[in-house]
file work_22.tsv (TSV, C-alpha atoms)
chain	number	residue	atom	x	y	z
A	1	MET	CA	58.52	-63.34	-76.22
A	2	ILE	CA	58.27	-59.57	-76.84
A	3	ILE	CA	54.58	-59.94	-77.67
A	4	LEU	CA	53.96	-61.91	-74.48
A	5	ILE	CA	55.74	-59.30	-72.37
A	6	ARG	CA	53.75	-56.56	-74.08
A	7	LYS	CA	50.47	-58.34	-73.36
A	8	ARG	CA	51.44	-58.75	-69.72
A	9	LEU	CA	52.18	-55.03	-69.45
A	10	LEU	CA	48.83	-54.17	-71.01
A	11	TRP	CA	46.99	-56.52	-68.67
A	12	GLY	CA	48.93	-55.14	-65.71
A	13	SER	CA	48.04	-51.60	-66.67
A	14	ALA	CA	44.38	-52.50	-67.13
A	15	LEU	CA	44.18	-54.32	-63.81
A	16	PHE	CA	45.92	-51.46	-61.99
A	17	CYS	CA	43.53	-48.95	-63.57
A	18	CYS	CA	40.60	-51.08	-62.41
A	19	PHE	CA	42.06	-51.31	-58.91
A	20	LEU	CA	42.52	-47.54	-58.67
A	21	LEU	CA	39.08	-46.91	-60.12
A	22	CYS	CA	37.33	-49.22	-57.66
A	23	LEU	CA	39.34	-47.88	-54.75
A	24	SER	CA	38.77	-44.26	-55.69
A	25	GLY	CA	35.04	-44.89	-56.08
A	26	ILE	CA	34.87	-46.26	-52.56
A	27	LEU	CA	36.96	-43.48	-51.05
A	28	TRP	CA	35.19	-40.67	-52.90
A	29	ALA	CA	31.75	-41.97	-52.03
A	30	GLY	CA	30.23	-39.71	-49.44
A	31	HIS	CA	32.73	-36.91	-49.90
A	32	LYS	CA	30.60	-33.82	-49.36
A	33	SER	CA	33.51	-31.56	-50.29
A	34	PRO	CA	35.95	-32.75	-52.98
A	35	ARG	CA	38.31	-29.95	-51.93
A	36	VAL	CA	39.30	-31.76	-48.73
A	37	PRO	CA	42.47	-33.90	-49.24
A	38	ALA	CA	41.79	-37.52	-48.35
A	39	PHE	CA	45.33	-38.82	-47.99
A	40	SER	CA	48.82	-37.92	-46.81
A	41	ALA	CA	51.90	-38.44	-48.97
A	42	ARG	CA	55.08	-40.17	-47.84
A	43	GLU	CA	57.76	-37.68	-46.95
A	44	ASP	CA	60.59	-39.77	-48.42
A	45	VAL	CA	59.27	-39.67	-52.01
A	46	PRO	CA	61.94	-37.85	-54.07
A	47	VAL	CA	59.58	-36.36	-56.67
A	48	THR	CA	56.72	-33.91	-56.22
A	49	VAL	CA	53.92	-34.24	-58.75
A	50	VAL	CA	52.48	-30.83	-59.61
A	51	ILE	CA	48.90	-31.34	-60.77
A	52	ASP	CA	47.67	-28.41	-62.83
A	53	PRO	CA	43.93	-28.13	-63.57
A	54	GLY	CA	44.09	-25.88	-66.64
A	55	HIS	CA	42.29	-22.51	-66.75
A	56	GLY	CA	39.90	-21.52	-63.94
A	57	GLY	CA	37.75	-18.67	-62.72
A	58	GLU	CA	36.92	-16.19	-65.45
A	59	ASP	CA	39.08	-18.20	-67.85
A	60	GLY	CA	36.82	-21.12	-68.62
A	61	GLY	CA	38.96	-22.49	-71.44
A	62	ALA	CA	37.18	-24.41	-74.19
A	63	VAL	CA	33.37	-24.40	-74.04
A	64	SER	CA	30.97	-26.98	-75.47
A	65	SER	CA	28.00	-26.00	-77.61
A	66	GLY	CA	25.86	-26.52	-74.52
A	67	GLY	CA	27.95	-24.20	-72.36
A	68	VAL	CA	30.06	-26.76	-70.47
A	69	GLU	CA	33.34	-25.08	-69.51
A	70	GLU	CA	36.65	-26.88	-69.64
A	71	SER	CA	37.97	-25.39	-66.40
A	72	GLN	CA	35.48	-27.17	-64.14
A	73	LEU	CA	36.05	-30.54	-65.80
A	74	ASN	CA	39.81	-30.07	-65.46
A	75	LEU	CA	39.40	-29.44	-61.75
A	76	ALA	CA	37.12	-32.43	-61.20
A	77	VAL	CA	39.56	-34.85	-62.85
A	78	SER	CA	42.56	-33.25	-61.13
A	79	LEU	CA	41.09	-33.55	-57.64
A	80	ARG	CA	40.52	-37.25	-58.17
A	81	LEU	CA	44.00	-37.67	-59.65
A	82	ASN	CA	45.48	-35.93	-56.63
A	83	ASP	CA	43.73	-38.28	-54.21
A	84	LEU	CA	44.81	-41.37	-56.13
A	85	LEU	CA	48.46	-40.37	-56.30
A	86	ARG	CA	48.54	-39.38	-52.63
A	87	PHE	CA	47.00	-42.72	-51.71
A	88	ALA	CA	49.81	-44.36	-53.69
A	89	GLY	CA	52.30	-42.47	-51.51
A	90	GLN	CA	53.23	-39.74	-53.95
A	91	ARG	CA	53.91	-36.17	-52.84
A	92	THR	CA	51.63	-33.78	-54.75
A	93	VAL	CA	50.94	-30.08	-55.13
A	94	MET	CA	47.98	-28.59	-57.00
A	95	THR	CA	48.13	-25.26	-58.79
A	96	ARG	CA	44.50	-24.67	-57.81
A	97	THR	CA	41.88	-26.54	-55.81
A	98	GLU	CA	38.96	-24.22	-56.60
A	99	ASP	CA	37.46	-22.63	-59.70
A	100	VAL	CA	39.69	-19.56	-59.57
A	101	THR	CA	42.26	-17.69	-61.62
A	102	ILE	CA	45.72	-17.81	-60.04
A	103	CYS	CA	46.63	-14.21	-60.70
A	104	ASP	CA	48.12	-11.33	-58.72
A	105	GLU	CA	45.75	-8.84	-57.14
A	106	GLY	CA	45.01	-5.42	-58.56
A	107	LEU	CA	45.14	-6.29	-62.26
A	108	SER	CA	42.50	-4.45	-64.25
A	109	THR	CA	42.16	-6.38	-67.52
A	110	VAL	CA	41.37	-9.99	-68.37
A	111	ARG	CA	44.52	-10.16	-70.48
A	112	GLN	CA	46.69	-9.06	-67.56
A	113	ARG	CA	45.06	-11.55	-65.22
A	114	LYS	CA	45.51	-14.45	-67.67
A	115	ALA	CA	49.17	-13.55	-68.19
A	116	SER	CA	49.69	-13.35	-64.42
A	117	ASP	CA	47.92	-16.69	-63.96
A	118	LEU	CA	50.30	-18.45	-66.35
A	119	LYS	CA	53.38	-16.82	-64.82
A	120	ASN	CA	52.29	-17.90	-61.35
A	121	ARG	CA	51.77	-21.50	-62.50
A	122	VAL	CA	55.25	-21.51	-64.02
A	123	ALA	CA	56.70	-20.04	-60.80
A	124	LEU	CA	55.00	-22.73	-58.71
A	125	VAL	CA	56.37	-25.55	-60.87
A	126	ASN	CA	59.87	-24.10	-61.12
A	127	GLY	CA	59.91	-23.38	-57.39
A	128	THR	CA	59.09	-27.01	-56.55
A	129	GLU	CA	62.13	-29.23	-56.08
A	130	ASN	CA	62.25	-32.35	-58.26
A	131	ALA	CA	58.90	-31.55	-59.83
A	132	VAL	CA	56.97	-33.43	-62.52
A	133	LEU	CA	54.08	-31.56	-64.10
A	134	LEU	CA	50.74	-33.18	-64.98
A	135	SER	CA	48.52	-30.54	-66.58
A	136	VAL	CA	44.89	-31.56	-67.15
A	137	HIS	CA	42.88	-30.05	-70.01
A	138	GLN	CA	40.02	-30.69	-72.43
A	139	ASN	CA	40.25	-30.49	-76.20
A	140	SER	CA	37.95	-29.00	-78.82
A	141	LEU	CA	37.79	-29.34	-82.60
A	142	PRO	CA	34.46	-27.87	-83.84
A	143	SER	CA	35.41	-28.60	-87.47
A	144	SER	CA	35.31	-32.34	-86.66
A	145	PRO	CA	32.58	-33.05	-84.09
A	146	VAL	CA	33.12	-36.82	-84.39
A	147	THR	CA	36.71	-36.61	-83.10
A	148	HIS	CA	37.03	-37.93	-79.55
A	149	GLY	CA	39.42	-39.54	-77.08
A	150	ALA	CA	42.20	-38.67	-74.66
A	151	GLN	CA	45.64	-37.62	-75.89
A	152	VAL	CA	48.91	-36.69	-74.17
A	153	PHE	CA	51.53	-34.11	-75.14
A	154	TRP	CA	55.02	-33.73	-73.68
A	155	ASN	CA	57.35	-30.77	-73.20
A	156	ARG	CA	61.02	-30.58	-74.11
A	157	GLN	CA	62.43	-31.39	-70.69
A	158	GLU	CA	64.18	-34.71	-70.17
A	159	GLY	CA	61.76	-37.40	-69.09
A	160	GLY	CA	58.69	-35.77	-70.56
A	161	GLU	CA	58.49	-38.00	-73.62
A	162	VAL	CA	58.75	-41.26	-71.68
A	163	LEU	CA	56.09	-40.11	-69.21
A	164	ALA	CA	53.76	-38.99	-71.99
A	165	LYS	CA	54.01	-42.24	-73.92
A	166	ILE	CA	53.40	-44.42	-70.86
A	167	VAL	CA	50.43	-42.31	-69.75
A	168	GLN	CA	49.09	-42.43	-73.32
A	169	ASP	CA	49.46	-46.21	-73.29
A	170	SER	CA	47.49	-46.34	-70.05
A	171	LEU	CA	44.77	-44.08	-71.48
A	172	ASN	CA	44.59	-46.18	-74.65
A	173	THR	CA	44.05	-49.26	-72.50
A	174	GLY	CA	41.51	-47.78	-70.09
A	175	ILE	CA	39.80	-45.03	-72.11
A	176	ASN	CA	40.53	-45.14	-75.83
A	177	ALA	CA	39.88	-48.78	-76.70
A	178	GLY	CA	39.34	-48.93	-80.45
A	179	ASN	CA	40.33	-45.27	-80.77
A	180	GLU	CA	43.99	-45.42	-79.72
A	181	LYS	CA	46.03	-42.22	-79.98
A	182	HIS	CA	49.73	-41.40	-80.06
A	183	ALA	CA	51.46	-39.04	-77.63
A	184	LYS	CA	53.03	-36.02	-79.31
A	185	GLN	CA	55.48	-33.27	-78.45
A	186	ILE	CA	53.74	-30.04	-77.59
A	187	PRO	CA	54.33	-26.99	-79.80
A	188	PRO	CA	56.79	-24.45	-78.34
A	189	THR	CA	54.08	-21.76	-78.40
A	190	ILE	CA	52.39	-23.09	-75.24
A	191	TYR	CA	53.64	-20.72	-72.53
A	192	LEU	CA	53.36	-23.00	-69.51
A	193	MET	CA	55.10	-25.98	-71.06
A	194	LYS	CA	57.73	-23.82	-72.75
A	195	ASN	CA	58.81	-22.09	-69.55
A	196	VAL	CA	58.72	-24.80	-66.88
A	197	THR	CA	62.05	-26.46	-66.12
A	198	ALA	CA	60.49	-29.76	-65.03
A	199	PRO	CA	59.43	-32.65	-67.26
A	200	GLY	CA	55.77	-32.14	-67.98
A	201	ILE	CA	52.80	-33.43	-69.91
A	202	ILE	CA	49.41	-32.07	-70.90
A	203	VAL	CA	46.59	-34.60	-70.82
A	204	GLU	CA	43.73	-33.58	-73.12
A	205	CYS	CA	41.02	-35.75	-71.57
A	206	GLY	CA	38.45	-35.44	-74.34
A	207	PHE	CA	36.75	-33.21	-76.89
A	208	LEU	CA	34.10	-30.71	-75.84
A	209	SER	CA	33.22	-30.39	-79.52
A	210	ASN	CA	31.91	-33.97	-79.37
A	211	GLY	CA	28.46	-34.06	-77.76
A	212	ALA	CA	28.58	-37.66	-76.56
A	213	GLU	CA	32.05	-37.27	-75.08
A	214	THR	CA	31.04	-34.03	-73.36
A	215	GLU	CA	28.26	-35.95	-71.62
A	216	ARG	CA	30.72	-38.61	-70.46
A	217	LEU	CA	33.22	-36.02	-69.24
A	218	GLN	CA	30.58	-34.62	-66.87
A	219	GLU	CA	29.98	-38.00	-65.22
A	220	PRO	CA	31.85	-38.46	-61.91
A	221	SER	CA	32.44	-42.14	-62.72
A	222	TYR	CA	34.12	-41.25	-66.02
A	223	GLN	CA	36.20	-38.54	-64.34
A	224	LEU	CA	37.40	-41.21	-61.89
A	225	LYS	CA	38.20	-43.52	-64.79
A	226	LEU	CA	40.30	-40.83	-66.45
A	227	ALA	CA	42.09	-40.02	-63.20
A	228	ALA	CA	42.81	-43.72	-62.59
A	229	ALA	CA	44.30	-44.15	-66.07
A	230	ILE	CA	46.53	-41.08	-65.68
A	231	ALA	CA	47.61	-42.18	-62.20
A	232	ALA	CA	48.37	-45.70	-63.40
A	233	GLY	CA	50.49	-44.33	-66.24
A	234	TYR	CA	52.43	-42.02	-63.95
A	235	LEU	CA	53.09	-44.80	-61.43
A	236	ARG	CA	54.24	-47.17	-64.17
A	237	CYS	CA	56.72	-44.52	-65.31
A	238	ALA	CA	57.85	-43.79	-61.74
A	239	ALA	CA	58.47	-47.51	-61.26
A	240	GLY	CA	60.93	-47.44	-64.16
A	241	GLU	CA	58.89	-48.96	-66.95
A	242	GLU	CA	60.44	-48.43	-70.36
A	243	MET	CA	58.81	-46.27	-73.03
A	244	PRO	CA	56.26	-48.16	-75.15
A	245	SER	CA	57.23	-48.65	-78.78
call {"tool": "encode", "arguments": {"input": "work_22.tsv", "output": "structure tokens"}}
result
Amino acid sequence: MIILIRKRLLWGSALFCCFLLCLSGILWAGHKSPRVPAFSAREDVPVTVVIDPGHGGEDGGAVSSGGVEESQLNLAVSLRLNDLLRFAGQRTVMTRTEDVTICDEGLSTVRQRKASDLKNRVALVNGTENAVLLSVHQNSLPSSPVTHGAQVFWNRQEGGEVLAKIVQDSLNTGINAGNEKHAKQIPPTIYLMKNVTAPGIIVECGFLSNGAETERLQEPSYQLKLAAAIAAGYLRCAAGEEMPS
């Protein structure tokens, strides 16, 4: 019986991912500017999803051997994720919608601007009532160029672990087939996740140290697939699904 229920959940997740992917492909087709919100959220939704495209502007994050910067991939996936969740009736806020650093004006050094950027992201999350944080990033492991796949990490706030494991399950179904990964708790050294008071996860969408995966991560269709899997996982969690074993 448990196995049958598990299979039904997996099929449900896969079908929902496919639905979101097809729908998002239709709705994004013809968008000349991905910075224009496509949908309106319901006002009665109790939670606000803060979508955080990691890095930005002069802080490109991880960089592939071919010069592909993490920050732009993070933004591309996050914009699609935002549209999907808003279509599903969720209230969302994005920490950035352009390739910029979210820092205070008048700072003279890169170090100061990066520190200000992180503090401002924390302030936005902590200033949002009933927030849940979805932070989108890319991974890199030059010592192992064959390593690939999407992995989720959770912070120490209540609810983070359940969310991470359900989103990871969704990514394993829709993205990591044959290369399944386990969600893990994020180290306490990560400033953003250490200082936010909301449950939060970091989704490492792929490895820029893997050439083939870097190519996929630049494809709009694959970015939509990632966004659909993340959205499906979040919505499963919001609907009260229990944490996968």
call {"tool": "atom_distance", "arguments": {"input": "work_22.tsv", "atom1": "atom CA of A:Cys237", "atom2": "atom CA of A:Ile166"}}
result
6.5 Å
call {"tool": "atom_distance", "arguments": {"input": "work_22.tsv", "atom1": "atom CA of A:Ser245", "atom2": "atom CA of A:Gln90"}}
result
26.7 Å
call {"tool": "closest_residue", "arguments": {"input": "work_22.tsv", "among": "A:His137, A:Arg86, A:Arg91, A:Lys194", "to": "A:Gly56", "atoms": "all atoms listed in the file"}}
result
A:His137
call {"tool": "atom_distance", "arguments": {"input": "work_22.tsv", "atom1": "atom CA of A:Val132", "atom2": "atom CA of A:Gly149"}}
result
23.6 Å
call {"tool": "residues_around", "arguments": {"input": "work_22.tsv", "residues": "A:Leu141", "least_positions_apart": "6", "cutoff": "10 Å", "atoms": "only C-alpha atoms", "output": "PDB file with C-alpha atoms, in the coordinates of the input"}}
result
ATOM      1  CA  ALA A  62      37.180 -24.410 -74.190  1.00  0.00           C
ATOM      2  CA  THR A 147      36.710 -36.610 -83.100  1.00  0.00           C
ATOM      3  CA  HIS A 148      37.030 -37.930 -79.550  1.00  0.00           C
ATOM      4  CA  PHE A 207      36.750 -33.210 -76.890  1.00  0.00           C
ATOM      5  CA  LEU A 208      34.100 -30.710 -75.840  1.00  0.00           C
ATOM      6  CA  SER A 209      33.220 -30.390 -79.520  1.00  0.00           C
ATOM      7  CA  ASN A 210      31.910 -33.970 -79.370  1.00  0.00           C
TER       8      ASN A 210
END
call {"tool": "closest_residue", "arguments": {"input": "work_22.tsv", "among": "A:Cys205, A:Leu124, A:Val146, A:Val47", "to": "A:Tyr234", "atoms": "all atoms listed in the file"}}
result
A:Val47
call {"tool": "closest_residue", "arguments": {"input": "work_22.tsv", "among": "A:Glu161, A:Asp99, A:Asp59, A:Glu129", "to": "A:Gln112", "atoms": "all atoms listed in the file"}}
result
A:Asp59
call {"tool": "residues_around", "arguments": {"input": "work_22.tsv", "residues": "A:Asn82", "least_positions_apart": "5", "cutoff": "9 Å", "atoms": "only C-alpha atoms", "output": "list in words"}}
result
Pro37, Val49, Ile51, Val77, Phe87, Thr92, Val93, Met94, Ala227 and Ala231 of chain A
call {"tool": "write_last_selection", "arguments": {"input": "work_22.tsv", "atoms": "C-alpha atoms", "output": "compact mmCIF listing (two decimals), in the coordinates of the input"}}
result
# COMPACT_ATOMS: atom_id res chain seq x y z
CA PRO A 37 42.47 -33.90 -49.24
CA VAL A 49 53.92 -34.24 -58.75
CA ILE A 51 48.90 -31.34 -60.77
CA VAL A 77 39.56 -34.85 -62.85
CA PHE A 87 47.00 -42.72 -51.71
CA THR A 92 51.63 -33.78 -54.75
CA VAL A 93 50.94 -30.08 -55.13
CA MET A 94 47.98 -28.59 -57.00
CA ALA A 227 42.09 -40.02 -63.20
CA ALA A 231 47.61 -42.18 -62.20
call {"tool": "closest_atom_pairs", "arguments": {"input": "work_22.tsv", "of": "stretch 122-224 of chain A", "to": "stretch 240-243 of chain A", "cutoff": "10 Å", "atoms": "all atoms listed in the file", "output": "JSON lines"}}
result
{"residue": "A:Glu161", "atom": "CA", "partner": "A:Met243", "partner_atom": "CA", "distance": 8.3}
{"residue": "A:Val162", "atom": "CA", "partner": "A:Met243", "partner_atom": "CA", "distance": 5.2}
{"residue": "A:Leu163", "atom": "CA", "partner": "A:Met243", "partner_atom": "CA", "distance": 7.7}
{"residue": "A:Ala164", "atom": "CA", "partner": "A:Met243", "partner_atom": "CA", "distance": 8.9}
{"residue": "A:Lys165", "atom": "CA", "partner": "A:Met243", "partner_atom": "CA", "distance": 6.3}
{"residue": "A:Ile166", "atom": "CA", "partner": "A:Met243", "partner_atom": "CA", "distance": 6.1}
{"residue": "A:Val167", "atom": "CA", "partner": "A:Met243", "partner_atom": "CA", "distance": 9.8}
{"residue": "A:Asp169", "atom": "CA", "partner": "A:Met243", "partner_atom": "CA", "distance": 9.4}
call {"tool": "closest_residue", "arguments": {"input": "work_22.tsv", "among": "A:Gly160, A:Gly233, A:Pro187, A:Pro142", "to": "A:Ile201", "atoms": "all atoms listed in the file"}}
result
A:Gly160
call {"tool": "closest_residue", "arguments": {"input": "work_22.tsv", "among": "A:Ala123, A:Ile190, A:Leu224, A:Val136", "to": "A:Ser71", "atoms": "all atoms listed in the file"}}
result
A:Val136
call {"tool": "closest_residue", "arguments": {"input": "work_22.tsv", "among": "A:Gln138, A:Thr197, A:Thr128, A:Gln185", "to": "A:Trp154", "atoms": "only C-alpha atoms"}}
result
A:Gln185
call {"tool": "residues_around", "arguments": {"input": "work_22.tsv", "residues": "A:Thr97", "least_positions_apart": "2", "cutoff": "9 Å", "atoms": "all atoms listed in the file", "output": "PDB file with C-alpha atoms, in the frame of the given file"}}
result
ATOM      1  CA  ARG A  35      38.310 -29.950 -51.930  1.00  0.00           C
ATOM      2  CA  PRO A  53      43.930 -28.130 -63.570  1.00  0.00           C
ATOM      3  CA  LEU A  75      39.400 -29.440 -61.750  1.00  0.00           C
ATOM      4  CA  SER A  78      42.560 -33.250 -61.130  1.00  0.00           C
ATOM      5  CA  LEU A  79      41.090 -33.550 -57.640  1.00  0.00           C
ATOM      6  CA  MET A  94      47.980 -28.590 -57.000  1.00  0.00           C
ATOM      7  CA  THR A  95      48.130 -25.260 -58.790  1.00  0.00           C
ATOM      8  CA  ASP A  99      37.460 -22.630 -59.700  1.00  0.00           C
ATOM      9  CA  VAL A 100      39.690 -19.560 -59.570  1.00  0.00           C
TER      10      VAL A 100
END
call {"tool": "residues_around", "arguments": {"input": "work_22.tsv", "residues": "A:Gly211", "least_positions_apart": "5", "cutoff": "10 Å", "atoms": "all atoms listed in the file", "output": "VMD selection string"}}
result
chain A and resid 64 to 66 145 to 146 148 216 to 217
call {"tool": "residues_around", "arguments": {"input": "work_22.tsv", "residues": "A:Lys119", "least_positions_apart": "4", "cutoff": "12 Å", "atoms": "all atoms listed in the file", "output": "PDB file with C-alpha atoms, in the coordinates of the input"}}
result
ATOM      1  CA  THR A  95      48.130 -25.260 -58.790  1.00  0.00           C
ATOM      2  CA  THR A 101      42.260 -17.690 -61.620  1.00  0.00           C
ATOM      3  CA  ILE A 102      45.720 -17.810 -60.040  1.00  0.00           C
ATOM      4  CA  CYS A 103      46.630 -14.210 -60.700  1.00  0.00           C
ATOM      5  CA  ASP A 104      48.120 -11.330 -58.720  1.00  0.00           C
ATOM      6  CA  GLN A 112      46.690  -9.060 -67.560  1.00  0.00           C
ATOM      7  CA  ARG A 113      45.060 -11.550 -65.220  1.00  0.00           C
ATOM      8  CA  LYS A 114      45.510 -14.450 -67.670  1.00  0.00           C
ATOM      9  CA  ALA A 115      49.170 -13.550 -68.190  1.00  0.00           C
ATOM     10  CA  ALA A 123      56.700 -20.040 -60.800  1.00  0.00           C
ATOM     11  CA  LEU A 124      55.000 -22.730 -58.710  1.00  0.00           C
ATOM     12  CA  VAL A 125      56.370 -25.550 -60.870  1.00  0.00           C
ATOM     13  CA  ASN A 126      59.870 -24.100 -61.120  1.00  0.00           C
ATOM     14  CA  GLY A 127      59.910 -23.380 -57.390  1.00  0.00           C
ATOM     15  CA  TYR A 191      53.640 -20.720 -72.530  1.00  0.00           C
ATOM     16  CA  LEU A 192      53.360 -23.000 -69.510  1.00  0.00           C
ATOM     17  CA  MET A 193      55.100 -25.980 -71.060  1.00  0.00           C
ATOM     18  CA  LYS A 194      57.730 -23.820 -72.750  1.00  0.00           C
ATOM     19  CA  ASN A 195      58.810 -22.090 -69.550  1.00  0.00           C
ATOM     20  CA  VAL A 196      58.720 -24.800 -66.880  1.00  0.00           C
TER      21      VAL A 196
END
call {"tool": "build_atoms", "arguments": {"input": "work_22.tsv", "residues": "stretch 149-169 of chain A", "atoms": "N, CA and C atoms", "output": "PDB file, in the frame of the given file"}}
result
ATOM      1  N   GLY A 149      38.349 -38.779 -77.708  1.00  0.00           N
ATOM      2  CA  GLY A 149      39.420 -39.540 -77.080  1.00  0.00           C
ATOM      3  C   GLY A 149      40.423 -38.683 -76.336  1.00  0.00           C
ATOM      4  N   ALA A 150      41.219 -39.343 -75.498  1.00  0.00           N
ATOM      5  CA  ALA A 150      42.200 -38.670 -74.660  1.00  0.00           C
ATOM      6  C   ALA A 150      43.586 -38.769 -75.283  1.00  0.00           C
ATOM      7  N   GLN A 151      44.308 -37.656 -75.276  1.00  0.00           N
ATOM      8  CA  GLN A 151      45.640 -37.620 -75.890  1.00  0.00           C
ATOM      9  C   GLN A 151      46.604 -36.850 -75.004  1.00  0.00           C
ATOM     10  N   VAL A 152      47.879 -37.261 -75.033  1.00  0.00           N
ATOM     11  CA  VAL A 152      48.910 -36.690 -74.170  1.00  0.00           C
ATOM     12  C   VAL A 152      49.974 -35.993 -75.009  1.00  0.00           C
ATOM     13  N   PHE A 153      50.460 -34.869 -74.491  1.00  0.00           N
ATOM     14  CA  PHE A 153      51.530 -34.110 -75.140  1.00  0.00           C
ATOM     15  C   PHE A 153      52.643 -33.864 -74.130  1.00  0.00           C
ATOM     16  N   TRP A 154      53.905 -33.920 -74.594  1.00  0.00           N
ATOM     17  CA  TRP A 154      55.020 -33.730 -73.680  1.00  0.00           C
ATOM     18  C   TRP A 154      55.821 -32.483 -74.016  1.00  0.00           C
ATOM     19  N   ASN A 155      56.489 -31.929 -72.980  1.00  0.00           N
ATOM     20  CA  ASN A 155      57.350 -30.770 -73.200  1.00  0.00           C
ATOM     21  C   ASN A 155      58.767 -31.229 -73.525  1.00  0.00           C
ATOM     22  N   ARG A 156      59.676 -30.278 -73.639  1.00  0.00           N
ATOM     23  CA  ARG A 156      61.020 -30.580 -74.110  1.00  0.00           C
ATOM     24  C   ARG A 156      62.012 -30.907 -72.996  1.00  0.00           C
ATOM     25  N   GLN A 157      61.546 -31.031 -71.798  1.00  0.00           N
ATOM     26  CA  GLN A 157      62.430 -31.390 -70.690  1.00  0.00           C
ATOM     27  C   GLN A 157      62.653 -32.901 -70.652  1.00  0.00           C
ATOM     28  N   GLU A 158      63.835 -33.292 -70.223  1.00  0.00           N
ATOM     29  CA  GLU A 158      64.180 -34.710 -70.170  1.00  0.00           C
ATOM     30  C   GLU A 158      63.195 -35.487 -69.292  1.00  0.00           C
ATOM     31  N   GLY A 159      62.712 -36.574 -69.812  1.00  0.00           N
ATOM     32  CA  GLY A 159      61.760 -37.400 -69.090  1.00  0.00           C
ATOM     33  C   GLY A 159      60.324 -37.187 -69.515  1.00  0.00           C
ATOM     34  N   GLY A 160      60.055 -36.072 -70.169  1.00  0.00           N
ATOM     35  CA  GLY A 160      58.690 -35.770 -70.560  1.00  0.00           C
ATOM     36  C   GLY A 160      58.131 -36.741 -71.591  1.00  0.00           C
ATOM     37  N   GLU A 161      58.959 -37.109 -72.565  1.00  0.00           N
ATOM     38  CA  GLU A 161      58.490 -38.000 -73.620  1.00  0.00           C
ATOM     39  C   GLU A 161      58.144 -39.384 -73.080  1.00  0.00           C
ATOM     40  N   VAL A 162      59.017 -39.930 -72.242  1.00  0.00           N
ATOM     41  CA  VAL A 162      58.750 -41.260 -71.680  1.00  0.00           C
ATOM     42  C   VAL A 162      57.456 -41.239 -70.874  1.00  0.00           C
ATOM     43  N   LEU A 163      57.298 -40.222 -70.030  1.00  0.00           N
ATOM     44  CA  LEU A 163      56.090 -40.110 -69.210  1.00  0.00           C
ATOM     45  C   LEU A 163      54.852 -40.021 -70.093  1.00  0.00           C
ATOM     46  N   ALA A 164      54.915 -39.183 -71.121  1.00  0.00           N
ATOM     47  CA  ALA A 164      53.760 -38.990 -71.990  1.00  0.00           C
ATOM     48  C   ALA A 164      53.350 -40.286 -72.679  1.00  0.00           C
ATOM     49  N   LYS A 165      54.331 -41.036 -73.170  1.00  0.00           N
ATOM     50  CA  LYS A 165      54.010 -42.240 -73.920  1.00  0.00           C
ATOM     51  C   LYS A 165      53.469 -43.347 -73.018  1.00  0.00           C
ATOM     52  N   ILE A 166      53.943 -43.407 -71.780  1.00  0.00           N
ATOM     53  CA  ILE A 166      53.400 -44.420 -70.860  1.00  0.00           C
ATOM     54  C   ILE A 166      51.995 -44.034 -70.406  1.00  0.00           C
ATOM     55  N   VAL A 167      51.779 -42.754 -70.120  1.00  0.00           N
ATOM     56  CA  VAL A 167      50.430 -42.310 -69.750  1.00  0.00           C
ATOM     57  C   VAL A 167      49.474 -42.499 -70.920  1.00  0.00           C
ATOM     58  N   GLN A 168      49.942 -42.202 -72.141  1.00  0.00           N
ATOM     59  CA  GLN A 168      49.090 -42.430 -73.320  1.00  0.00           C
ATOM     60  C   GLN A 168      48.733 -43.900 -73.466  1.00  0.00           C
ATOM     61  N   ASP A 169      49.699 -44.776 -73.230  1.00  0.00           N
ATOM     62  CA  ASP A 169      49.460 -46.210 -73.290  1.00  0.00           C
ATOM     63  C   ASP A 169      48.390 -46.614 -72.276  1.00  0.00           C
TER      64      ASP A 169
END
